[in-house]
$ cat entry.cif   # mmCIF, C-alpha atoms
data_final
loop_
_atom_site.label_atom_id
_atom_site.label_comp_id
_atom_site.auth_asym_id
_atom_site.auth_seq_id
_atom_site.Cartn_x
_atom_site.Cartn_y
_atom_site.Cartn_z
CA MET A 1 89.63 -0.79 14.39
CA PRO A 2 86.61 -0.58 12.08
CA ASP A 3 84.23 -3.50 11.83
CA ALA A 4 85.10 -5.79 8.93
CA LEU A 5 83.02 -5.23 5.81
CA ASP A 6 81.99 -8.27 3.81
CA ALA A 7 82.51 -8.29 0.04
CA THR A 8 81.54 -11.96 -0.30
CA PRO A 9 81.37 -13.57 -2.85
CA TYR A 10 84.12 -11.37 -4.30
CA ASP A 11 87.76 -11.88 -3.41
CA ALA A 12 89.41 -9.15 -5.53
CA LEU A 13 88.87 -5.84 -7.30
CA LEU A 14 90.37 -5.23 -10.74
CA LEU A 15 91.04 -1.62 -11.76
CA LEU A 16 90.65 -1.79 -15.53
CA SER A 17 91.99 1.19 -17.48
CA PHE A 18 93.18 2.34 -20.88
CA GLY A 19 96.89 2.67 -20.26
CA GLY A 20 99.37 5.12 -21.70
CA PRO A 21 103.05 5.57 -22.60
CA GLU A 22 105.57 6.33 -19.86
CA GLY A 23 108.36 7.70 -22.06
CA PRO A 24 109.12 8.84 -25.62
CA ASP A 25 110.10 5.35 -26.77
CA ASP A 26 106.72 4.02 -25.63
CA VAL A 27 104.54 6.37 -27.69
CA VAL A 28 104.49 4.62 -31.07
CA PRO A 29 104.29 1.06 -29.61
CA PHE A 30 101.43 2.24 -27.40
CA LEU A 31 99.58 3.74 -30.38
CA GLU A 32 100.20 0.52 -32.31
CA ASN A 33 98.40 -1.31 -29.51
CA VAL A 34 95.51 1.17 -29.56
CA THR A 35 95.09 0.98 -33.35
CA ARG A 36 95.91 -2.71 -33.82
CA GLY A 37 94.21 -4.15 -36.91
CA ARG A 38 93.61 -0.80 -38.62
CA GLY A 39 96.79 -0.84 -40.74
CA ILE A 40 97.90 2.68 -39.78
CA PRO A 41 101.52 3.38 -40.91
CA LYS A 42 104.15 4.08 -38.25
CA GLU A 43 104.84 7.56 -39.65
CA ARG A 44 101.17 8.43 -39.22
CA LEU A 45 101.30 7.17 -35.63
CA LYS A 46 104.25 9.46 -34.92
CA GLU A 47 102.14 12.37 -36.13
CA VAL A 48 99.18 11.24 -34.02
CA GLY A 49 101.48 10.93 -31.01
CA ARG A 50 102.60 14.56 -31.10
CA HIS A 51 100.37 15.32 -28.12
CA TYR A 52 102.29 12.82 -26.03
CA PHE A 53 105.67 14.13 -27.21
CA LEU A 54 104.66 17.60 -25.98
CA PHE A 55 104.50 16.06 -22.50
CA GLY A 56 107.81 14.18 -22.75
CA GLY A 57 106.12 11.08 -24.15
CA VAL A 58 104.43 10.43 -20.82
CA SER A 59 100.69 10.01 -20.40
CA PRO A 60 99.41 11.25 -17.04
CA ILE A 61 96.90 8.40 -16.81
CA ASN A 62 99.25 5.86 -15.26
CA ASP A 63 100.25 8.04 -12.31
CA GLN A 64 96.61 8.98 -11.87
CA ASN A 65 95.70 5.30 -11.66
CA ARG A 66 98.46 4.79 -9.11
CA ALA A 67 97.00 7.64 -7.07
CA LEU A 68 93.53 6.07 -7.30
CA LEU A 69 94.94 2.71 -6.20
CA ALA A 70 96.53 4.39 -3.19
CA ALA A 71 93.24 6.12 -2.36
CA LEU A 72 91.38 2.79 -2.59
CA HIS A 73 93.89 1.02 -0.35
CA LYS A 74 93.58 3.83 2.21
CA ASP A 75 89.79 3.88 2.13
CA PHE A 76 89.47 0.10 2.34
CA ALA A 77 91.87 -0.08 5.30
CA GLU A 78 90.11 2.75 7.15
CA HIS A 79 86.72 1.09 6.70
CA GLY A 80 87.65 -2.54 7.30
CA LEU A 81 87.23 -3.84 3.77
CA ASP A 82 89.77 -6.63 3.22
CA LEU A 83 89.76 -6.80 -0.56
CA PRO A 84 92.97 -6.88 -2.64
CA VAL A 85 93.12 -4.50 -5.59
CA TYR A 86 94.81 -5.35 -8.90
CA TRP A 87 95.45 -3.11 -11.90
CA GLY A 88 95.39 -4.04 -15.58
CA ASN A 89 95.36 -1.91 -18.74
CA ARG A 90 93.98 -2.47 -22.21
CA ASN A 91 96.87 -0.93 -24.14
CA TRP A 92 99.99 -0.67 -21.97
CA ALA A 93 101.71 -2.18 -18.96
CA PRO A 94 100.51 -3.52 -16.64
CA TYR A 95 98.65 -5.42 -19.36
CA LEU A 96 95.26 -6.91 -18.54
CA THR A 97 96.21 -10.47 -19.52
CA ASP A 98 99.29 -10.39 -17.26
CA THR A 99 97.19 -9.07 -14.39
CA LEU A 100 94.62 -11.86 -14.84
CA ARG A 101 97.46 -14.41 -14.74
CA GLU A 102 98.52 -12.84 -11.44
CA LEU A 103 94.97 -13.05 -10.11
CA VAL A 104 94.79 -16.76 -11.00
CA ALA A 105 98.19 -17.45 -9.43
CA ASP A 106 96.96 -15.76 -6.24
CA GLY A 107 93.88 -18.00 -6.19
CA ARG A 108 91.28 -15.33 -6.87
CA ARG A 109 88.00 -16.82 -8.08
CA ARG A 110 85.38 -14.01 -8.06
CA VAL A 111 86.56 -10.64 -9.30
CA LEU A 112 84.82 -7.28 -9.63
CA ALA A 113 86.13 -5.04 -12.41
CA LEU A 114 86.08 -1.25 -12.11
CA ALA A 115 86.50 0.47 -15.49
CA THR A 116 87.86 4.01 -15.50
CA SER A 117 84.89 5.10 -17.60
CA ALA A 118 81.67 6.19 -15.93
CA TYR A 119 79.18 6.14 -18.81
CA ALA A 120 77.57 3.70 -21.23
CA SER A 121 79.08 3.43 -24.71
CA TYR A 122 80.91 0.90 -26.85
CA SER A 123 84.35 2.42 -26.20
CA GLY A 124 83.55 3.16 -22.55
CA CYS A 125 82.05 -0.20 -21.59
CA ARG A 126 81.65 -3.00 -24.12
CA GLN A 127 85.17 -2.63 -25.51
CA TYR A 128 86.51 -3.14 -21.99
CA ARG A 129 84.35 -6.25 -21.77
CA GLU A 130 85.71 -7.48 -25.11
CA ASN A 131 89.25 -7.01 -23.81
CA LEU A 132 88.33 -9.05 -20.75
CA ALA A 133 87.00 -11.82 -23.01
CA ASP A 134 90.20 -11.77 -25.10
CA ALA A 135 92.34 -12.04 -21.97
CA LEU A 136 90.23 -14.86 -20.55
CA ALA A 137 90.47 -16.72 -23.88
CA THR A 138 94.26 -16.48 -23.65
CA LEU A 139 94.27 -17.87 -20.12
CA GLN A 140 91.92 -20.64 -21.16
CA ALA A 141 94.27 -21.59 -24.03
CA GLU A 142 97.08 -21.76 -21.48
CA GLY A 143 95.09 -24.25 -19.42
CA LEU A 144 94.54 -21.90 -16.48
CA ASP A 145 91.47 -21.95 -14.26
CA LEU A 146 89.41 -18.91 -15.17
CA PRO A 147 88.09 -16.54 -12.51
CA ARG A 148 84.56 -15.25 -12.85
CA ILE A 149 84.64 -11.52 -13.55
CA ASP A 150 81.73 -9.14 -13.00
CA LYS A 151 81.81 -5.44 -13.86
CA LEU A 152 80.69 -2.71 -11.49
CA ARG A 153 77.75 -0.72 -12.78
CA HIS A 154 78.10 2.70 -14.39
CA TYR A 155 78.73 5.23 -11.65
CA PHE A 156 78.14 8.51 -13.51
CA ASN A 157 75.37 9.56 -11.10
CA HIS A 158 76.80 8.25 -7.84
CA PRO A 159 77.18 11.09 -5.30
CA GLY A 160 80.86 10.23 -4.84
CA PHE A 161 81.45 10.96 -8.52
CA VAL A 162 79.14 13.97 -8.87
CA GLU A 163 79.96 15.91 -5.69
CA PRO A 164 83.69 16.40 -6.44
CA MET A 165 82.75 17.74 -9.87
CA ILE A 166 80.28 20.19 -8.32
CA ASP A 167 83.06 21.47 -6.07
CA GLY A 168 85.38 21.74 -9.06
CA VAL A 169 82.93 23.95 -10.97
CA LEU A 170 82.33 26.13 -7.91
CA GLU A 171 86.08 26.58 -7.43
CA SER A 172 86.55 27.49 -11.10
CA LEU A 173 83.75 30.04 -10.96
CA ALA A 174 85.23 31.57 -7.81
CA ASP A 175 88.60 31.85 -9.58
CA LEU A 176 87.16 33.99 -12.39
CA PRO A 177 87.38 37.78 -12.14
CA GLU A 178 84.42 39.07 -10.17
CA ASP A 179 83.15 41.24 -13.01
CA VAL A 180 82.61 38.23 -15.32
CA ARG A 181 81.83 35.53 -12.77
CA ASP A 182 78.03 35.74 -12.60
CA GLY A 183 77.71 35.86 -16.39
CA ALA A 184 79.95 32.83 -16.95
CA HIS A 185 78.74 29.99 -19.16
CA ILE A 186 79.47 26.36 -18.20
CA ALA A 187 80.63 24.06 -21.00
CA PHE A 188 80.28 20.49 -19.80
CA THR A 189 82.66 18.42 -21.92
CA THR A 190 83.01 14.76 -22.76
CA HIS A 191 84.70 12.63 -25.39
CA SER A 192 83.01 12.84 -28.78
CA ILE A 193 82.08 9.48 -30.29
CA PRO A 194 80.47 8.57 -33.63
CA THR A 195 76.77 9.43 -33.62
CA SER A 196 76.03 5.83 -34.61
CA ALA A 197 77.79 4.60 -31.46
CA ALA A 198 75.97 7.15 -29.31
CA ASP A 199 72.59 6.20 -30.78
CA THR A 200 73.08 2.53 -29.84
CA SER A 201 74.64 3.14 -26.41
CA GLY A 202 73.06 1.57 -23.36
CA PRO A 203 70.41 -1.18 -23.27
CA VAL A 204 68.24 -1.61 -26.36
CA PRO A 205 65.26 0.37 -24.93
CA ALA A 206 67.59 3.38 -24.49
CA HIS A 207 68.67 3.36 -28.13
CA GLY A 208 67.71 6.40 -30.20
CA GLU A 209 69.17 9.82 -30.85
CA GLY A 210 72.20 10.09 -28.58
CA GLY A 211 71.25 6.92 -26.71
CA ALA A 212 72.20 6.42 -23.08
CA TYR A 213 75.57 8.12 -23.62
CA VAL A 214 74.12 11.56 -24.23
CA GLU A 215 71.23 11.10 -21.81
CA GLN A 216 73.55 10.17 -18.93
CA HIS A 217 75.85 13.13 -19.54
CA LEU A 218 72.92 15.53 -19.74
CA ASP A 219 71.62 14.18 -16.43
CA VAL A 220 74.98 14.77 -14.72
CA ALA A 221 75.31 18.24 -16.24
CA GLN A 222 71.86 19.15 -14.95
CA LEU A 223 72.74 17.85 -11.47
CA ILE A 224 75.86 20.00 -11.36
CA ALA A 225 74.16 23.09 -12.79
CA ASP A 226 71.33 22.77 -10.26
CA ALA A 227 73.79 22.39 -7.38
CA VAL A 228 75.77 25.42 -8.53
CA ARG A 229 72.57 27.51 -8.67
CA GLU A 230 71.53 26.34 -5.20
CA ARG A 231 74.93 27.13 -3.67
CA THR A 232 75.65 30.44 -5.41
CA GLY A 233 72.21 31.85 -6.19
CA VAL A 234 73.28 32.29 -9.83
CA ASP A 235 71.67 30.33 -12.67
CA HIS A 236 74.57 29.85 -15.09
CA PRO A 237 73.64 28.88 -18.67
CA TRP A 238 75.27 25.64 -19.82
CA ARG A 239 75.62 23.19 -22.67
CA LEU A 240 77.00 19.69 -23.18
CA VAL A 241 79.84 19.88 -25.73
CA TYR A 242 82.42 17.45 -27.07
CA GLN A 243 86.15 17.10 -27.56
CA SER A 244 88.90 14.73 -28.69
CA ARG A 245 87.37 13.66 -31.98
CA SER A 246 89.68 11.19 -33.74
CA GLY A 247 87.62 9.64 -36.54
CA ALA A 248 87.55 10.04 -40.31
CA PRO A 249 86.06 13.40 -41.40
CA HIS A 250 83.20 11.80 -43.38
CA ILE A 251 81.83 9.92 -40.34
CA PRO A 252 79.40 11.98 -38.19
CA TRP A 253 80.54 12.46 -34.58
CA LEU A 254 78.82 14.19 -31.68
CA GLU A 255 79.05 17.99 -31.82
CA PRO A 256 79.66 20.85 -31.08
CA ASP A 257 83.40 20.70 -30.51
CA ILE A 258 84.62 22.66 -27.49
CA CYS A 259 86.76 25.05 -29.59
CA ASP A 260 83.86 25.79 -31.94
CA HIS A 261 81.65 26.30 -28.90
CA LEU A 262 84.08 28.80 -27.37
CA GLU A 263 84.02 30.79 -30.61
CA GLU A 264 80.23 30.73 -30.69
CA ARG A 265 79.89 31.79 -27.04
CA HIS A 266 82.40 34.59 -27.50
CA ALA A 267 80.49 35.85 -30.55
CA ALA A 268 77.30 35.78 -28.48
CA GLY A 269 78.87 38.09 -25.90
CA VAL A 270 79.43 35.59 -23.08
CA PRO A 271 82.00 37.15 -20.70
CA ALA A 272 83.65 33.90 -19.47
CA VAL A 273 83.45 30.11 -19.68
CA VAL A 274 84.11 27.29 -17.24
CA MET A 275 85.06 24.06 -19.01
CA ALA A 276 83.89 21.13 -16.88
CA PRO A 277 85.18 17.73 -18.13
CA ILE A 278 82.43 15.57 -16.69
CA GLY A 279 83.10 12.72 -19.13
CA PHE A 280 86.56 11.96 -17.72
CA VAL A 281 87.55 10.29 -14.47
CA SER A 282 90.99 11.93 -14.29
CA ASP A 283 93.18 14.59 -15.91
CA HIS A 284 94.61 12.32 -18.60
CA MET A 285 95.83 13.36 -22.05
CA GLU A 286 92.43 14.35 -23.47
CA VAL A 287 92.03 16.80 -20.60
CA ARG A 288 95.63 18.03 -20.43
CA TYR A 289 95.99 18.61 -24.16
CA ASP A 290 92.52 19.10 -25.64
CA LEU A 291 91.31 21.40 -22.86
CA ASP A 292 94.33 22.77 -20.99
CA THR A 293 96.39 23.30 -24.15
CA GLU A 294 94.24 23.51 -27.29
CA ALA A 295 90.95 24.93 -25.97
CA THR A 296 92.71 27.27 -23.56
CA ALA A 297 94.81 28.61 -26.45
CA LYS A 298 91.64 29.18 -28.48
CA ALA A 299 90.11 31.12 -25.58
CA ALA A 300 93.25 33.24 -25.27
CA GLU A 301 93.10 33.98 -29.00
CA LEU A 302 89.51 35.15 -28.53
CA GLY A 303 90.27 37.14 -25.39
CA LEU A 304 87.73 35.00 -23.53
CA PRO A 305 88.45 34.27 -19.85
CA VAL A 306 88.22 30.50 -19.20
CA ARG A 307 88.80 28.14 -16.31
CA ARG A 308 88.93 24.36 -16.40
CA SER A 309 87.39 22.55 -13.44
CA ALA A 310 88.93 19.48 -11.86
CA THR A 311 88.09 15.90 -12.64
CA VAL A 312 87.35 13.44 -9.83
CA GLY A 313 90.76 11.73 -9.91
CA ALA A 314 91.68 10.18 -6.56
CA ASP A 315 89.23 12.25 -4.49
CA PRO A 316 88.46 10.38 -1.24
CA ARG A 317 84.74 10.64 -2.01
CA PHE A 318 85.29 8.73 -5.24
CA ALA A 319 87.26 6.04 -3.43
CA ALA A 320 84.39 5.80 -0.92
CA ALA A 321 81.91 5.54 -3.79
CA ILE A 322 83.82 2.58 -5.21
CA ARG A 323 83.73 0.87 -1.83
CA GLU A 324 79.98 1.47 -1.65
CA LEU A 325 79.49 0.09 -5.18
CA ILE A 326 81.46 -3.04 -4.26
CA LEU A 327 79.36 -3.67 -1.17
CA GLU A 328 76.16 -2.93 -3.09
CA ARG A 329 77.02 -5.49 -5.76
CA ALA A 330 78.22 -8.04 -3.21
CA ALA A 331 74.92 -7.74 -1.34
CA ALA A 332 72.93 -8.21 -4.55
CA GLU A 333 75.00 -11.25 -5.55
CA SER A 334 74.45 -12.74 -2.09
CA GLY A 335 70.69 -12.26 -2.28
CA ARG A 336 70.58 -9.51 0.34
CA ALA A 337 68.30 -6.49 -0.01
CA VAL A 338 70.10 -3.42 -1.32
CA THR A 339 69.11 0.11 -2.32
CA PRO A 340 71.48 1.39 -5.00
CA CYS A 341 72.76 4.93 -4.47
CA ALA A 342 72.18 7.31 -7.37
CA LEU A 343 71.34 10.96 -7.99
CA GLY A 344 69.31 12.53 -10.77
CA ALA A 345 66.43 11.39 -12.91
CA LEU A 346 67.84 8.17 -14.35
CA GLY A 347 68.37 6.04 -11.25
CA ALA A 348 71.03 3.41 -10.78
CA SER A 349 72.38 1.69 -13.87
CA HIS A 350 72.05 -2.05 -14.49
CA ASP A 351 74.44 -4.45 -12.74
CA VAL A 352 74.75 -6.75 -15.75
CA CYS A 353 74.99 -5.39 -19.29
CA PRO A 354 72.08 -6.94 -21.23
CA VAL A 355 72.23 -8.47 -24.68
CA GLY A 356 72.32 -5.73 -27.32
CA CYS A 357 73.84 -3.15 -24.98
CA CYS A 358 76.37 -0.85 -26.73
CA PRO A 359 76.86 -3.23 -29.68
CA ALA A 360 80.06 -3.44 -31.70
CA ARG A 361 80.07 -2.93 -35.47
CA ALA A 362 81.56 -6.42 -35.80
CA PRO A 363 80.25 -8.78 -33.09
CA LYS A 364 82.92 -10.03 -30.68
CA PRO A 365 82.71 -12.02 -27.43
CA ALA A 366 82.43 -9.82 -24.36
CA ALA A 367 82.85 -10.95 -20.75
CA ALA A 368 81.03 -9.70 -17.66
CA GLY A 369 77.62 -9.32 -19.31
CA ALA A 370 74.47 -11.28 -20.07
CA ASP A 371 76.03 -12.49 -23.31
CA SER A 372 79.34 -13.52 -21.75
CA PRO A 373 80.82 -16.88 -22.83
CA TYR A 374 82.57 -16.95 -19.44
CA ALA A 375 79.60 -16.71 -17.06
#

$ encode --input "entry.cif" --output "structure tokens"
Amino acid sequence: MPDALDATPYDALLLLSFGGPEGPDDVVPFLENVTRGRGIPKERLKEVGRHYFLFGGVSPINDQNRALLAALHKDFAEHGLDLPVYWGNRNWAPYLTDTLRELVADGRRRVLALATSAYASYSGCRQYRENLADALATLQAEGLDLPRIDKLRHYFNHPGFVEPMIDGVLESLADLPEDVRDGAHIAFTTHSIPTSAADTSGPVPAHGEGGAYVEQHLDVAQLIADAVRERTGVDHPWRLVYQSRSGAPHIPWLEPDICDHLEERHAAGVPAVVMAPIGFVSDHMEVRYDLDTEATAKAAELGLPVRRSATVGADPRFAAAIRELILERAAAESGRAVTPCALGALGASHDVCPVGCCPARAPKPAAAGADSPYA
């Protein structure tokens, strides 16, 4: 049996994710949850939900989270980490508030939250923290004892997140026809967000054009491109591009879009493209539809060979990285010396989101940060 690992002072891990519908009847209610407060008509939501209906009304994200939970349970058991894992979603069952009630009923007092988003941004970090604050406010109104919740740091440059993506790009390159392989371009993709949100992402000193959001993605892209060059001897050109825009047309969002980029690369004479979705933890709807369906159809229209590399998903190295992040944070909270593990030029991210980090347009309470009302 492995020696027991100590996660003190933490007594639980919370997997905190977005959620998604699990059948056709769930699609519109799910989208109503996502867009609550925006006054979007139901008929418009049915139109927005067409991507889900193409896949039987089922989002892949829930099964992917179940696979990650299984990988975490396996890794923890194999390495002697006795830490229960709970799962709560922002927008669909299992709902975050219900999961926190379960945590309280089980007597959990110090909880680490793992968000299924690796980078700094409002939608990828602070909004999760706002949802935590909303759920804690509900429990407080019900007279329940509130657990203290801390959030694991951004893990975009942890080796356990980066190495599986390197392998995915290498496998995609190897799958291209030999006559176009060495000339292939790598399009590193992530979710587009409003430029205003990107510019204010990360701690205040990181604010500026693109903010921490763009800087972190560029750092990961460079890490992967360098590793591919070292392992193949070929220096593939690359660019960070964006996908899944959903905002009003008059609001500036990060560009270029992946489909526009494919057209531009084809016009420039590039013989093939590998699309590498480095901004996504798993193959959820944005990957399955926006890349595997829409962008792949655009490439076919152009006659441009493309491959899409794998996301990290439930890779055992990612599960091991989460275990390492838990122990790293537990050591820091206990006052023990710790050397955070990180690749690239940026170093390890902060443990506690500082005041002014990834601000919302309309200020709202956010848990698990320096400005938390539930410290």

$ resolve_selection --input "entry.cif" --expression "the PyMOL selection byres ((chain A and resi 354) around 7)" --output "mmCIF file with C-alpha atoms, in the coordinates of the input"
data_model
loop_
_atom_site.group_PDB
_atom_site.id
_atom_site.type_symbol
_atom_site.label_atom_id
_atom_site.label_comp_id
_atom_site.auth_asym_id
_atom_site.auth_seq_id
_atom_site.Cartn_x
_atom_site.Cartn_y
_atom_site.Cartn_z
ATOM 1 C CA PRO A 203 70.410 -1.180 -23.270
ATOM 2 C CA VAL A 352 74.750 -6.750 -15.750
ATOM 3 C CA CYS A 353 74.990 -5.390 -19.290
ATOM 4 C CA VAL A 355 72.230 -8.470 -24.680
ATOM 5 C CA GLY A 356 72.320 -5.730 -27.320
ATOM 6 C CA CYS A 357 73.840 -3.150 -24.980
ATOM 7 C CA GLY A 369 77.620 -9.320 -19.310
ATOM 8 C CA ALA A 370 74.470 -11.280 -20.070
#

$ resolve_selection --input "entry.cif" --expression "the PyMOL selection byres ((chain A and resi 344) around 7)" --output "list in words"
Asn157, Asp219, Leu223, Ala342, Leu343, Ala345, Leu346 and Gly347 of chain A

$ resolve_selection --input "entry.cif" --expression "the PyMOL selection byres ((chain A and resi 299-316) around 7)" --output "PDB file with C-alpha atoms, in the frame of the given file"
ATOM      1  CA  GLN A  64      96.610   8.980 -11.870  1.00  0.00           C
ATOM      2  CA  ALA A  67      97.000   7.640  -7.070  1.00  0.00           C
ATOM      3  CA  LEU A  68      93.530   6.070  -7.300  1.00  0.00           C
ATOM      4  CA  ALA A  71      93.240   6.120  -2.360  1.00  0.00           C
ATOM      5  CA  PHE A 161      81.450  10.960  -8.520  1.00  0.00           C
ATOM      6  CA  PRO A 164      83.690  16.400  -6.440  1.00  0.00           C
ATOM      7  CA  MET A 165      82.750  17.740  -9.870  1.00  0.00           C
ATOM      8  CA  GLY A 168      85.380  21.740  -9.060  1.00  0.00           C
ATOM      9  CA  VAL A 169      82.930  23.950 -10.970  1.00  0.00           C
ATOM     10  CA  SER A 172      86.550  27.490 -11.100  1.00  0.00           C
ATOM     11  CA  LEU A 262      84.080  28.800 -27.370  1.00  0.00           C
ATOM     12  CA  HIS A 266      82.400  34.590 -27.500  1.00  0.00           C
ATOM     13  CA  PRO A 271      82.000  37.150 -20.700  1.00  0.00           C
ATOM     14  CA  ALA A 272      83.650  33.900 -19.470  1.00  0.00           C
ATOM     15  CA  VAL A 273      83.450  30.110 -19.680  1.00  0.00           C
ATOM     16  CA  VAL A 274      84.110  27.290 -17.240  1.00  0.00           C
ATOM     17  CA  MET A 275      85.060  24.060 -19.010  1.00  0.00           C
ATOM     18  CA  ALA A 276      83.890  21.130 -16.880  1.00  0.00           C
ATOM     19  CA  PRO A 277      85.180  17.730 -18.130  1.00  0.00           C
ATOM     20  CA  ILE A 278      82.430  15.570 -16.690  1.00  0.00           C
ATOM     21  CA  PHE A 280      86.560  11.960 -17.720  1.00  0.00           C
ATOM     22  CA  VAL A 281      87.550  10.290 -14.470  1.00  0.00           C
ATOM     23  CA  SER A 282      90.990  11.930 -14.290  1.00  0.00           C
ATOM     24  CA  ASP A 283      93.180  14.590 -15.910  1.00  0.00           C
ATOM     25  CA  ALA A 295      90.950  24.930 -25.970  1.00  0.00           C
ATOM     26  CA  THR A 296      92.710  27.270 -23.560  1.00  0.00           C
ATOM     27  CA  ALA A 297      94.810  28.610 -26.450  1.00  0.00           C
ATOM     28  CA  LYS A 298      91.640  29.180 -28.480  1.00  0.00           C
ATOM     29  CA  ARG A 317      84.740  10.640  -2.010  1.00  0.00           C
ATOM     30  CA  PHE A 318      85.290   8.730  -5.240  1.00  0.00           C
ATOM     31  CA  ALA A 319      87.260   6.040  -3.430  1.00  0.00           C
ATOM     32  CA  ALA A 320      84.390   5.800  -0.920  1.00  0.00           C
TER      33      ALA A 320
END

$ atom_distance --input "entry.cif" --atom1 "atom CA of Trp253 of chain A" --atom2 "atom CA of Glu130 of chain A"
22.7 Å

$ closest_residue --input "entry.cif" --among "A:Ala221, A:Ala187, A:Ala141, A:Ala113" --to "Arg129 of chain A" --atoms "only C-alpha atoms"
A:Ala113

$ closest_residue --input "entry.cif" --among "A:Arg36, A:Arg90, A:Lys74, A:Arg239" --to "Glu264 of chain A" --atoms "only C-alpha atoms"
A:Arg239

$ closest_residue --input "entry.cif" --among "A:Ala337, A:Gly39, A:Tyr374, A:Leu83" --to "Thr8 of chain A" --atoms "all atoms listed in the file"
A:Leu83

$ residues_near_point --input "entry.cif" --point "(107.0, 11.6, -16.8)" --cutoff "7 Å" --atoms "only C-alpha atoms" --output "count of residues only"
4

$ atom_distance --input "entry.cif" --atom1 "atom CA of Arg66 of chain A" --atom2 "atom CA of Ala12 of chain A"
17.0 Å

$ residues_around --input "entry.cif" --residues "Pro237 of chain A" --least-positions-apart "5" --cutoff "9 Å" --atoms "all atoms listed in the file" --output "list in words"
Gly183, Ala184, His185, Ile186, Ala187 and Ala225 of chain A

$ residues_near_point --input "entry.cif" --point "(88.0, -7.5, -31.9)" --cutoff "10 Å" --atoms "all atoms listed in the file" --output "MDAnalysis selection string"
chainID A and resid 36:37 127 130:131 133:134 360:366

$ residues_around --input "entry.cif" --residues "Tyr213 of chain A" --least-positions-apart "3" --cutoff "12 Å" --atoms "all atoms listed in the file" --output "MDAnalysis selection string"
chainID A and resid 117:125 154 156 190:203 206:210 216:220 240 254 279 357:358

$ residues_around --input "entry.cif" --residues "Pro147 of chain A" --least-positions-apart "2" --cutoff "7 Å" --atoms "only C-alpha atoms" --output "ChimeraX atom specification"
/A:104,108-111,145,149

$ residues_around --input "entry.cif" --residues "Tyr95 of chain A" --least-positions-apart "4" --cutoff "10 Å" --atoms "only C-alpha atoms" --output "ChimeraX atom specification"
/A:16-19,87-91,99-100,135

$ atom_distance --input "entry.cif" --atom1 "atom CA of Tyr52 of chain A" --atom2 "atom CA of Leu72 of chain A"
27.7 Å

$ closest_residue --input "entry.cif" --among "A:Asp63, A:Asp11, A:Asp26, A:Glu47" --to "His284 of chain A" --atoms "only C-alpha atoms"
A:Asp63

$ build_atoms --input "entry.cif" --residues "segment 74-83 of chain A" --atoms "N, CA, C and O atoms" --output "short mmCIF file (atom, residue, chain, number, x, y, z; two decimals), keeping the file's coordinate frame"
data_model
loop_
_atom_site.label_atom_id
_atom_site.label_comp_id
_atom_site.auth_asym_id
_atom_site.auth_seq_id
_atom_site.Cartn_x
_atom_site.Cartn_y
_atom_site.Cartn_z
N LYS A 74 93.79 3.05 0.98
CA LYS A 74 93.58 3.83 2.21
C LYS A 74 92.14 3.74 2.67
O LYS A 74 91.86 3.49 3.86
N ASP A 75 91.20 3.93 1.76
CA ASP A 75 89.79 3.88 2.13
C ASP A 75 89.40 2.49 2.63
O ASP A 75 88.71 2.37 3.66
N PHE A 76 89.82 1.47 1.93
CA PHE A 76 89.47 0.10 2.34
C PHE A 76 90.01 -0.20 3.73
O PHE A 76 89.32 -0.78 4.57
N ALA A 77 91.26 0.19 3.99
CA ALA A 77 91.87 -0.08 5.30
C ALA A 77 91.14 0.68 6.40
O ALA A 77 90.90 0.13 7.48
N GLU A 78 90.78 1.93 6.13
CA GLU A 78 90.11 2.75 7.15
C GLU A 78 88.71 2.24 7.45
O GLU A 78 88.18 2.51 8.54
N HIS A 79 88.10 1.53 6.50
CA HIS A 79 86.72 1.09 6.70
C HIS A 79 86.59 -0.43 6.87
O HIS A 79 85.47 -0.96 6.88
N GLY A 80 87.70 -1.11 7.00
CA GLY A 80 87.65 -2.54 7.30
C GLY A 80 87.24 -3.42 6.15
O GLY A 80 86.66 -4.48 6.36
N LEU A 81 87.53 -3.01 4.93
CA LEU A 81 87.23 -3.84 3.77
C LEU A 81 88.51 -4.54 3.32
O LEU A 81 89.43 -3.90 2.80
N ASP A 82 88.57 -5.84 3.56
CA ASP A 82 89.77 -6.63 3.22
C ASP A 82 89.59 -7.20 1.81
O ASP A 82 89.13 -8.33 1.64
N LEU A 83 89.93 -6.39 0.82
CA LEU A 83 89.76 -6.80 -0.56
C LEU A 83 90.99 -6.35 -1.36
O LEU A 83 91.21 -5.15 -1.51
#
